[in-house]
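Note: the block below is final.pdb and it holds PDB, C-alpha atoms and all ligand atoms.
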ATOM      1  CA  MET Y  11     -10.253 -19.705   1.274  1.00  0.00           C
ATOM      2  CA  VAL Y  12     -13.580 -19.902   3.133  1.00  0.00           C
ATOM      3  CA  SER Y  13     -15.128 -16.536   3.935  1.00  0.00           C
ATOM      4  CA  ASP Y  14     -17.806 -15.574   6.475  1.00  0.00           C
ATOM      5  CA  LEU Y  15     -16.871 -18.070   9.167  1.00  0.00           C
ATOM      6  CA  VAL Y  16     -18.820 -17.583  12.371  1.00  0.00           C
ATOM      7  CA  LEU Y  17     -17.771 -19.205  15.648  1.00  0.00           C
ATOM      8  CA  ARG Y  18     -20.521 -19.387  18.261  1.00  0.00           C
ATOM      9  CA  TYR Y  19     -21.666 -21.388  21.255  1.00  0.00           C
ATOM     10  CA  PHE Y  20     -23.566 -24.608  20.552  1.00  0.00           C
ATOM     11  CA  ASN Y  21     -27.300 -24.639  21.080  1.00  0.00           C
ATOM     12  CA  LEU Y  22     -29.526 -27.709  21.283  1.00  0.00           C
ATOM     13  CA  ASP Y  23     -30.851 -27.187  17.728  1.00  0.00           C
ATOM     14  CA  ASP Y  24     -27.293 -27.826  16.471  1.00  0.00           C
ATOM     15  CA  ALA Y  25     -27.268 -31.385  17.817  1.00  0.00           C
ATOM     16  CA  LEU Y  26     -28.287 -33.099  14.578  1.00  0.00           C
ATOM     17  CA  GLN Y  27     -25.654 -31.317  12.469  1.00  0.00           C
ATOM     18  CA  CYS Y  28     -22.958 -31.984  15.091  1.00  0.00           C
ATOM     19  CA  SER Y  29     -23.972 -35.627  15.181  1.00  0.00           C
ATOM     20  CA  SER Y  30     -23.644 -35.804  11.366  1.00  0.00           C
ATOM     21  CA  LEU Y  31     -20.211 -34.184  11.545  1.00  0.00           C
ATOM     22  CA  MET Y  32     -19.013 -36.816  14.019  1.00  0.00           C
ATOM     23  CA  GLN Y  33     -20.610 -39.739  12.194  1.00  0.00           C
ATOM     24  CA  ASP Y  34     -19.210 -38.617   8.840  1.00  0.00           C
ATOM     25  CA  HIS Y  35     -15.730 -38.487  10.345  1.00  0.00           C
ATOM     26  CA  PHE Y  36     -15.845 -41.982  11.813  1.00  0.00           C
ATOM     27  CA  LEU Y  37     -17.635 -43.639   8.883  1.00  0.00           C
ATOM     28  CA  TYR Y  38     -15.654 -42.138   6.016  1.00  0.00           C
ATOM     29  CA  HIS Y  39     -12.453 -40.480   7.213  1.00  0.00           C
ATOM     30  CA  ALA Y  40     -10.962 -42.160  10.293  1.00  0.00           C
ATOM     31  CA  ILE Y  41      -9.684 -44.853   7.966  1.00  0.00           C
ATOM     32  CA  ASN Y  42      -6.753 -45.923  10.104  1.00  0.00           C
ATOM     33  CA  LEU Y  43      -9.125 -47.151  12.807  1.00  0.00           C
ATOM     34  CA  PRO Y  44     -10.627 -50.627  12.387  1.00  0.00           C
ATOM     35  CA  ILE Y  45     -13.914 -50.491  10.455  1.00  0.00           C
ATOM     36  CA  LYS Y  46     -15.810 -52.310  13.219  1.00  0.00           C
ATOM     37  CA  MET Y  47     -14.690 -49.714  15.737  1.00  0.00           C
ATOM     38  CA  ARG Y  48     -15.541 -46.828  13.403  1.00  0.00           C
ATOM     39  CA  THR Y  49     -19.031 -48.158  12.780  1.00  0.00           C
ATOM     40  CA  GLN Y  50     -19.615 -48.747  16.467  1.00  0.00           C
ATOM     41  CA  ILE Y  51     -18.452 -45.251  17.431  1.00  0.00           C
ATOM     42  CA  ALA Y  52     -20.482 -43.619  14.632  1.00  0.00           C
ATOM     43  CA  LYS Y  53     -23.608 -45.474  15.729  1.00  0.00           C
ATOM     44  CA  GLY Y  54     -23.341 -43.936  19.181  1.00  0.00           C
ATOM     45  CA  ARG Y  55     -22.855 -40.362  17.977  1.00  0.00           C
ATOM     46  CA  THR Y  56     -26.554 -39.508  17.716  1.00  0.00           C
ATOM     47  CA  ALA Y  57     -28.180 -36.110  18.161  1.00  0.00           C
ATOM     48  CA  GLU Y  58     -29.354 -37.328  21.586  1.00  0.00           C
ATOM     49  CA  TYR Y  59     -25.744 -38.143  22.477  1.00  0.00           C
ATOM     50  CA  VAL Y  60     -24.677 -34.595  21.525  1.00  0.00           C
ATOM     51  CA  GLN Y  61     -27.513 -33.056  23.551  1.00  0.00           C
ATOM     52  CA  LYS Y  62     -26.475 -35.199  26.523  1.00  0.00           C
ATOM     53  CA  ILE Y  63     -22.773 -34.285  26.458  1.00  0.00           C
ATOM     54  CA  ALA Y  64     -23.621 -30.592  26.044  1.00  0.00           C
ATOM     55  CA  LYS Y  65     -24.835 -30.665  29.667  1.00  0.00           C
ATOM     56  CA  ASP Y  66     -21.364 -31.113  31.165  1.00  0.00           C
ATOM     57  CA  ARG Y  67     -19.070 -29.334  28.707  1.00  0.00           C
ATOM     58  CA  LEU Y  68     -18.763 -26.243  26.620  1.00  0.00           C
ATOM     59  CA  ILE Y  69     -19.279 -26.853  22.900  1.00  0.00           C
ATOM     60  CA  VAL Y  70     -18.556 -24.348  20.151  1.00  0.00           C
ATOM     61  CA  VAL Y  71     -19.431 -24.606  16.480  1.00  0.00           C
ATOM     62  CA  VAL Y  72     -18.210 -22.863  13.344  1.00  0.00           C
ATOM     63  CA  VAL Y  73     -20.775 -21.998  10.703  1.00  0.00           C
ATOM     64  CA  ALA Y  74     -19.990 -21.406   7.013  1.00  0.00           C
ATOM     65  CA  ASP Y  75     -22.297 -21.468   4.022  1.00  0.00           C
ATOM     66  CA  ASP Y  76     -25.275 -21.691   6.446  1.00  0.00           C
ATOM     67  CA  LYS Y  77     -24.135 -25.001   7.924  1.00  0.00           C
ATOM     68  CA  ILE Y  78     -21.998 -26.239  10.782  1.00  0.00           C
ATOM     69  CA  VAL Y  79     -18.585 -27.115   9.350  1.00  0.00           C
ATOM     70  CA  GLY Y  80     -16.626 -27.488  12.577  1.00  0.00           C
ATOM     71  CA  MET Y  81     -17.009 -28.126  16.275  1.00  0.00           C
ATOM     72  CA  GLY Y  82     -14.899 -28.466  19.394  1.00  0.00           C
ATOM     73  CA  ALA Y  83     -15.522 -28.851  23.098  1.00  0.00           C
ATOM     74  CA  LEU Y  84     -13.943 -28.182  26.471  1.00  0.00           C
ATOM     75  CA  LYS Y  85     -14.602 -30.449  29.448  1.00  0.00           C
ATOM     76  CA  ALA Y  86     -12.812 -29.016  32.492  1.00  0.00           C
ATOM     77  CA  ASN Y  87      -9.408 -28.344  30.858  1.00  0.00           C
ATOM     78  CA  GLU Y  88      -9.594 -31.125  28.280  1.00  0.00           C
ATOM     79  CA  ILE Y  89     -10.288 -30.521  24.604  1.00  0.00           C
ATOM     80  CA  ARG Y  90     -12.861 -32.933  23.220  1.00  0.00           C
ATOM     81  CA  HIS Y  91     -14.838 -33.515  20.034  1.00  0.00           C
ATOM     82  CA  MET Y  92     -12.727 -31.586  17.535  1.00  0.00           C
ATOM     83  CA  TYR Y  93     -14.185 -32.223  14.102  1.00  0.00           C
ATOM     84  CA  ILE Y  94     -13.860 -30.122  10.979  1.00  0.00           C
ATOM     85  CA  GLN Y  95     -15.794 -31.238   7.910  1.00  0.00           C
ATOM     86  CA  SER Y  96     -13.269 -32.722   5.486  1.00  0.00           C
ATOM     87  CA  GLU Y  97     -13.771 -30.160   2.678  1.00  0.00           C
ATOM     88  CA  TYR Y  98     -13.167 -27.349   5.184  1.00  0.00           C
ATOM     89  CA  GLN Y  99      -9.979 -28.697   6.750  1.00  0.00           C
ATOM     90  CA  ARG Y 100      -6.661 -26.804   6.504  1.00  0.00           C
ATOM     91  CA  GLU Y 101      -8.533 -23.491   6.289  1.00  0.00           C
ATOM     92  CA  GLY Y 102      -7.773 -22.322   9.820  1.00  0.00           C
ATOM     93  CA  ILE Y 103     -11.090 -23.453  11.352  1.00  0.00           C
ATOM     94  CA  GLY Y 104      -9.483 -25.883  13.798  1.00  0.00           C
ATOM     95  CA  SER Y 105      -7.120 -23.093  14.887  1.00  0.00           C
ATOM     96  CA  MET Y 106     -10.041 -20.726  15.371  1.00  0.00           C
ATOM     97  CA  ILE Y 107     -11.730 -23.226  17.687  1.00  0.00           C
ATOM     98  CA  ILE Y 108      -8.557 -24.048  19.652  1.00  0.00           C
ATOM     99  CA  ASP Y 109      -7.707 -20.348  20.147  1.00  0.00           C
ATOM    100  CA  PHE Y 110     -11.220 -19.693  21.456  1.00  0.00           C
ATOM    101  CA  ILE Y 111     -11.264 -22.744  23.721  1.00  0.00           C
ATOM    102  CA  GLU Y 112      -7.856 -21.847  25.167  1.00  0.00           C
ATOM    103  CA  LYS Y 113      -9.146 -18.420  26.202  1.00  0.00           C
ATOM    104  CA  GLU Y 114     -12.229 -19.999  27.748  1.00  0.00           C
ATOM    105  CA  ALA Y 115     -10.076 -22.442  29.738  1.00  0.00           C
ATOM    106  CA  PHE Y 116      -7.762 -19.651  30.913  1.00  0.00           C
ATOM    107  CA  ASN Y 117     -10.728 -17.499  31.945  1.00  0.00           C
ATOM    108  CA  LYS Y 118     -12.083 -20.455  33.928  1.00  0.00           C
ATOM    109  CA  GLY Y 119      -8.802 -20.465  35.891  1.00  0.00           C
ATOM    110  CA  PHE Y 120      -6.900 -23.299  34.197  1.00  0.00           C
ATOM    111  CA  PHE Y 121      -3.192 -22.853  33.540  1.00  0.00           C
ATOM    112  CA  SER Y 122      -2.869 -25.702  31.098  1.00  0.00           C
ATOM    113  CA  ILE Y 123      -5.035 -27.443  28.584  1.00  0.00           C
ATOM    114  CA  ILE Y 124      -4.814 -31.105  27.543  1.00  0.00           C
ATOM    115  CA  VAL Y 125      -6.015 -33.291  24.724  1.00  0.00           C
ATOM    116  CA  ASN Y 126      -5.969 -37.027  24.056  1.00  0.00           C
ATOM    117  CA  SER Y 127      -5.288 -37.033  20.345  1.00  0.00           C
ATOM    118  CA  VAL Y 128      -5.446 -39.806  17.814  1.00  0.00           C
ATOM    119  CA  ASP Y 129      -2.107 -40.150  16.008  1.00  0.00           C
ATOM    120  CA  TYR Y 130      -3.294 -38.538  12.753  1.00  0.00           C
ATOM    121  CA  SER Y 131      -4.091 -35.259  14.554  1.00  0.00           C
ATOM    122  CA  GLU Y 132      -1.005 -35.067  16.783  1.00  0.00           C
ATOM    123  CA  GLU Y 133       0.867 -32.771  14.395  1.00  0.00           C
ATOM    124  CA  PHE Y 134      -2.055 -30.334  14.283  1.00  0.00           C
ATOM    125  CA  TYR Y 135      -1.914 -29.937  18.075  1.00  0.00           C
ATOM    126  CA  GLN Y 136       1.879 -29.656  18.013  1.00  0.00           C
ATOM    127  CA  LYS Y 137       1.524 -26.824  15.492  1.00  0.00           C
ATOM    128  CA  LYS Y 138      -0.844 -25.162  17.945  1.00  0.00           C
ATOM    129  CA  GLY Y 139       1.862 -25.239  20.640  1.00  0.00           C
ATOM    130  CA  PHE Y 140       0.979 -28.479  22.432  1.00  0.00           C
ATOM    131  CA  LYS Y 141       3.729 -30.808  23.652  1.00  0.00           C
ATOM    132  CA  SER Y 142       3.306 -34.568  23.327  1.00  0.00           C
ATOM    133  CA  LEU Y 143       3.603 -36.199  26.766  1.00  0.00           C
ATOM    134  CA  ILE Y 144       2.823 -39.912  26.672  1.00  0.00           C
ATOM    135  CA  LYS Y 145       1.041 -42.571  24.683  1.00  0.00           C
ATOM    136  CA  THR Y 146      -2.289 -43.310  26.293  1.00  0.00           C
ATOM    137  CA  GLN Y 147      -5.278 -45.538  25.893  1.00  0.00           C
ATOM    138  CA  ILE Y 148      -8.654 -44.007  26.491  1.00  0.00           C
ATOM    139  CA  ILE Y 149     -11.916 -45.863  26.825  1.00  0.00           C
ATOM    140  CA  ARG Y 150     -14.885 -44.040  25.369  1.00  0.00           C
ATOM    141  CA  HIS Y 151     -18.239 -45.804  25.656  1.00  0.00           C
ATOM    142  CA  GLY Y 152     -16.604 -49.190  25.978  1.00  0.00           C
ATOM    143  CA  ILE Y 153     -14.234 -48.670  23.032  1.00  0.00           C
ATOM    144  CA  THR Y 154     -10.474 -48.466  23.632  1.00  0.00           C
ATOM    145  CA  LEU Y 155      -8.615 -45.909  21.515  1.00  0.00           C
ATOM    146  CA  GLU Y 156      -4.825 -45.570  21.202  1.00  0.00           C
ATOM    147  CA  THR Y 157      -4.069 -41.897  21.813  1.00  0.00           C
ATOM    148  CA  ILE Y 158      -1.318 -39.444  22.670  1.00  0.00           C
ATOM    149  CA  LEU Y 159      -1.722 -37.097  25.615  1.00  0.00           C
ATOM    150  CA  LEU Y 160      -0.639 -33.555  24.752  1.00  0.00           C
ATOM    151  CA  GLU Y 161      -0.528 -30.475  26.945  1.00  0.00           C
ATOM    152  CA  LYS Y 162      -0.216 -26.753  26.397  1.00  0.00           C
ATOM    153  CA  ILE Y 163       0.609 -24.277  29.130  1.00  0.00           C
ATOM    154  CA  LEU Y 164      -1.723 -21.282  28.934  1.00  0.00           C
ATOM    155  CA  GLU Y 165      -0.468 -17.737  29.516  1.00  0.00           C
TER
HETATM  156  C1  LIG Z   1      -7.300 -32.065  13.140  1.00  0.00           C
HETATM  157  C2  LIG Z   1      -8.276 -30.970  12.712  1.00  0.00           C
HETATM  158  C3  LIG Z   1      -9.172 -30.612  13.912  1.00  0.00           C
HETATM  159  C4  LIG Z   1      -7.491 -29.741  12.261  1.00  0.00           C
HETATM  160  O1  LIG Z   1      -8.382 -28.713  11.875  1.00  0.00           O
HETATM  161  P1  LIG Z   1      -8.066 -27.770  10.624  1.00  0.00           P
HETATM  162  O2  LIG Z   1      -9.149 -26.764  10.521  1.00  0.00           O
HETATM  163  O3  LIG Z   1      -7.832 -28.625   9.430  1.00  0.00           O
HETATM  164  O4  LIG Z   1      -6.691 -27.114  11.096  1.00  0.00           O
HETATM  165  P2  LIG Z   1      -6.046 -25.687  10.687  1.00  0.00           P
HETATM  166  O5  LIG Z   1      -6.413 -25.387   9.270  1.00  0.00           O
HETATM  167  O6  LIG Z   1      -6.409 -24.670  11.715  1.00  0.00           O
HETATM  168  O7  LIG Z   1      -4.503 -26.050  10.754  1.00  0.00           O
HETATM  169  C5  LIG Z   1      -3.556 -25.454  11.634  1.00  0.00           C
HETATM  170  C6  LIG Z   1      -2.186 -25.979  11.278  1.00  0.00           C
HETATM  171  O8  LIG Z   1      -2.139 -27.401  11.513  1.00  0.00           O
HETATM  172  C7  LIG Z   1      -1.835 -28.101  10.293  1.00  0.00           C
HETATM  173  N1  LIG Z   1      -2.641 -29.314  10.273  1.00  0.00           N
HETATM  174  C8  LIG Z   1      -3.987 -29.421  10.288  1.00  0.00           C
HETATM  175  N2  LIG Z   1      -4.361 -30.707  10.313  1.00  0.00           N
HETATM  176  C9  LIG Z   1      -3.213 -31.423  10.286  1.00  0.00           C
HETATM  177  C10 LIG Z   1      -2.954 -32.822  10.283  1.00  0.00           C
HETATM  178  N3  LIG Z   1      -3.945 -33.735  10.317  1.00  0.00           N
HETATM  179  N4  LIG Z   1      -1.647 -33.222  10.253  1.00  0.00           N
HETATM  180  C11 LIG Z   1      -0.648 -32.315  10.219  1.00  0.00           C
HETATM  181  N5  LIG Z   1      -0.838 -30.957  10.238  1.00  0.00           N
HETATM  182  C12 LIG Z   1      -2.108 -30.537  10.263  1.00  0.00           C
HETATM  183  C13 LIG Z   1      -2.235 -27.129   9.175  1.00  0.00           C
HETATM  184  O9  LIG Z   1      -1.542 -27.393   7.982  1.00  0.00           O
HETATM  185  C14 LIG Z   1      -1.840 -25.792   9.783  1.00  0.00           C
HETATM  186  O10 LIG Z   1      -0.439 -25.638   9.694  1.00  0.00           O
HETATM  187  P3  LIG Z   1       0.240 -24.192   9.453  1.00  0.00           P
HETATM  188  O11 LIG Z   1      -0.071 -23.396  10.698  1.00  0.00           O
HETATM  189  O12 LIG Z   1       1.682 -24.519   9.300  1.00  0.00           O
HETATM  190  O13 LIG Z   1      -0.410 -23.622   8.234  1.00  0.00           O
HETATM  191  C15 LIG Z   1      -9.158 -31.413  11.513  1.00  0.00           C
HETATM  192  O14 LIG Z   1      -8.326 -31.791  10.448  1.00  0.00           O
HETATM  193  C16 LIG Z   1     -10.111 -32.555  11.796  1.00  0.00           C
HETATM  194  O15 LIG Z   1     -11.247 -32.321  12.198  1.00  0.00           O
HETATM  195  N6  LIG Z   1      -9.675 -33.804  11.581  1.00  0.00           N
HETATM  196  C17 LIG Z   1     -10.532 -34.960  11.699  1.00  0.00           C
HETATM  197  C18 LIG Z   1     -11.006 -35.206  13.114  1.00  0.00           C
HETATM  198  C19 LIG Z   1      -9.892 -35.274  14.104  1.00  0.00           C
HETATM  199  O16 LIG Z   1      -8.859 -35.863  13.842  1.00  0.00           O
HETATM  200  N7  LIG Z   1     -10.118 -34.644  15.261  1.00  0.00           N
HETATM  201  C20 LIG Z   1      -9.172 -34.616  16.343  1.00  0.00           C
HETATM  202  C21 LIG Z   1      -9.472 -35.730  17.291  1.00  0.00           C
HETATM  203  S1  LIG Z   1      -8.345 -35.679  18.659  1.00  0.00           S
END
For the file at hand, write its structure as structure tokens.
Ligand SMILES: CC(C)(COP(=O)(O)OP(=O)(O)OC[C@H]1O[C@@H](n2cnc3c(N)ncnc32)[C@H](O)[C@@H]1OP(=O)(O)O)[C@@H](O)C(=O)NCCC(=O)NCCS
Amino acid sequence: MVSDLVLRYFNLDDALQCSSLMQDHFLYHAINLPIKMRTQIAKGRTAEYVQKIAKDRLIVVVVADDKIVGMGALKANEIRHMYIQSEYQREGIGSMIIDFIEKEAFNKGFFSIIVNSVDYSEEFYQKKGFKSLIKTQIIRHGITLETILLEKILE
């Protein structure tokens, strides 16, 4: 069990570590996506990219052992960029981020929250109370991803 987890808002100095978290996921862990796609996505997830997206969405990070081990974001009422470092998964960090983001969305006046999940994370969101709606295809930076749209009503 990981102790001393701190969830806080992203600041621009976190961009490099967040970029590494994303790149590590796509290069080494998203193994059911085609390698060409993974490499292409990872290449685009630079620190500059993270600094850019931070302008139009809320990003939170979780720090443990003096490093960022998890991140998640909220753009309007959509969850984006959920990444927990592989050695820290299944320790409740993803839940911590989702619970926080849900409160933020509710406080902003949203009554539901959505996520376009890749298939290997669908069960995580279902465990967090999301309902699977439809299969979707999303295009991110010219790359088409097969996803599932899930929604959770906030109360
Ligand atoms: C999906 C992810 C965000 C979950 O974060 P996490 O910190 O491991 O999740 P938690 O420890 O809070 O798990 C909460 C519950 O979901 C379950 N769970 C977590 N990941 C799961 C998965 N991939 N499949 C099935 N169940 C999962 C946990 O076992 C736990 O269940 P419990 O409440 O019965 O004990 C994390 O594994 C991750 O970053 N994955 C790689 C990137 C990714 O897929 N991001 C989502 C893109 S849409």
Could you list, as a PyMOL selection string, every residue matched by the PyMOL selection byres (((chain Y and resi 137-147) around 8) and not hetatm) in this structure? chain Y and resi 105+108+126+132-136+148-149+154-163
Run the PyMOL selection byres (((chain Y and resi 112-119) around 10) and not hetatm) on the file and write out the hits as a compact mmCIF listing (two decimals) with C-alpha atoms, in the frame of the given file.
# COMPACT_ATOMS: atom_id res chain seq x y z
CA LEU Y 68 -18.76 -26.24 26.62
CA LEU Y 84 -13.94 -28.18 26.47
CA LYS Y 85 -14.60 -30.45 29.45
CA ALA Y 86 -12.81 -29.02 32.49
CA ASN Y 87 -9.41 -28.34 30.86
CA GLU Y 88 -9.59 -31.12 28.28
CA ILE Y 89 -10.29 -30.52 24.60
CA ILE Y 107 -11.73 -23.23 17.69
CA ILE Y 108 -8.56 -24.05 19.65
CA ASP Y 109 -7.71 -20.35 20.15
CA PHE Y 110 -11.22 -19.69 21.46
CA ILE Y 111 -11.26 -22.74 23.72
CA PHE Y 120 -6.90 -23.30 34.20
CA PHE Y 121 -3.19 -22.85 33.54
CA SER Y 122 -2.87 -25.70 31.10
CA ILE Y 123 -5.04 -27.44 28.58
CA LYS Y 162 -0.22 -26.75 26.40
CA ILE Y 163 0.61 -24.28 29.13
CA LEU Y 164 -1.72 -21.28 28.93
CA GLU Y 165 -0.47 -17.74 29.52
Please produce, as CSV, a per-residue contact table for stretch 46-122 of chain Y versus stretch 23-42 of chain Y (criterion: any atom at most 9 Å away, all atoms listed in the file considered), showing the nearest atom pair and its distance in Å to one decimal, sorted by chain then residue number.
residue,atom,partner,partner_atom,distance
Y:Met47,CA,Y:Phe36,CA,8.7
Y:Arg48,CA,Y:Phe36,CA,5.1
Y:Thr49,CA,Y:Leu37,CA,6.1
Y:Ile51,CA,Y:Phe36,CA,7.0
Y:Ala52,CA,Y:Gln33,CA,4.6
Y:Lys53,CA,Y:Gln33,CA,7.4
Y:Gly54,CA,Y:Gln33,CA,8.6
Y:Arg55,CA,Y:Ser29,CA,5.6
Y:Thr56,CA,Y:Ser29,CA,5.3
Y:Ala57,CA,Y:Leu26,CA,4.7
Y:Glu58,CA,Y:Ala25,CA,7.3
Y:Tyr59,CA,Y:Ser29,CA,7.9
Y:Val60,CA,Y:Ala25,CA,5.5
Y:Gln61,CA,Y:Ala25,CA,6.0
Y:Val71,CA,Y:Cys28,CA,8.3
Y:Lys77,CA,Y:Gln27,CA,7.9
Y:Ile78,CA,Y:Gln27,CA,6.5
Y:Val79,CA,Y:Leu31,CA,7.6
Y:Gly80,CA,Y:Leu31,CA,7.7
Y:Met81,CA,Y:Cys28,CA,7.2
Y:His91,CA,Y:Met32,CA,8.0
Y:Met92,CA,Y:Met32,CA,8.9
Y:Tyr93,CA,Y:Met32,CA,6.7
Y:Ile94,CA,Y:Leu31,CA,7.6
Y:Gln95,CA,Y:Leu31,CA,6.4
Y:Ser96,CA,Y:His35,CA,7.9
What is the atom CA of Y:Ser13-atom O6 of ligand LIG 1 (chain Z) distance in Å, reported with one decimal? 14.2 Å
To one decimal place, how far is atom CA of Y:Met106 from atom CA of Y:Val72 in Å?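 These atoms are spaced 8.7 Å apart.
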May I ask for the distance between atom CA of Y:Gln50 and atom CA of Y:Ala74, given in Å to one decimal place?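 These two atoms are separated by 28.9 Å.
Closest approach to ligand LIG 1 (chain Z) among Y:Arg100, Y:Ile124, Y:Arg150, Y:Ile69 is made by Y:Arg100 (distances from only C-alpha atoms and all ligand atoms).
Shortest atom-to-atom contact with ligand LIG 1 (chain Z) among Y:Ile63, Y:Leu22, Y:Met11, Y:Asp76: Y:Met11, counting all atoms listed in the file.
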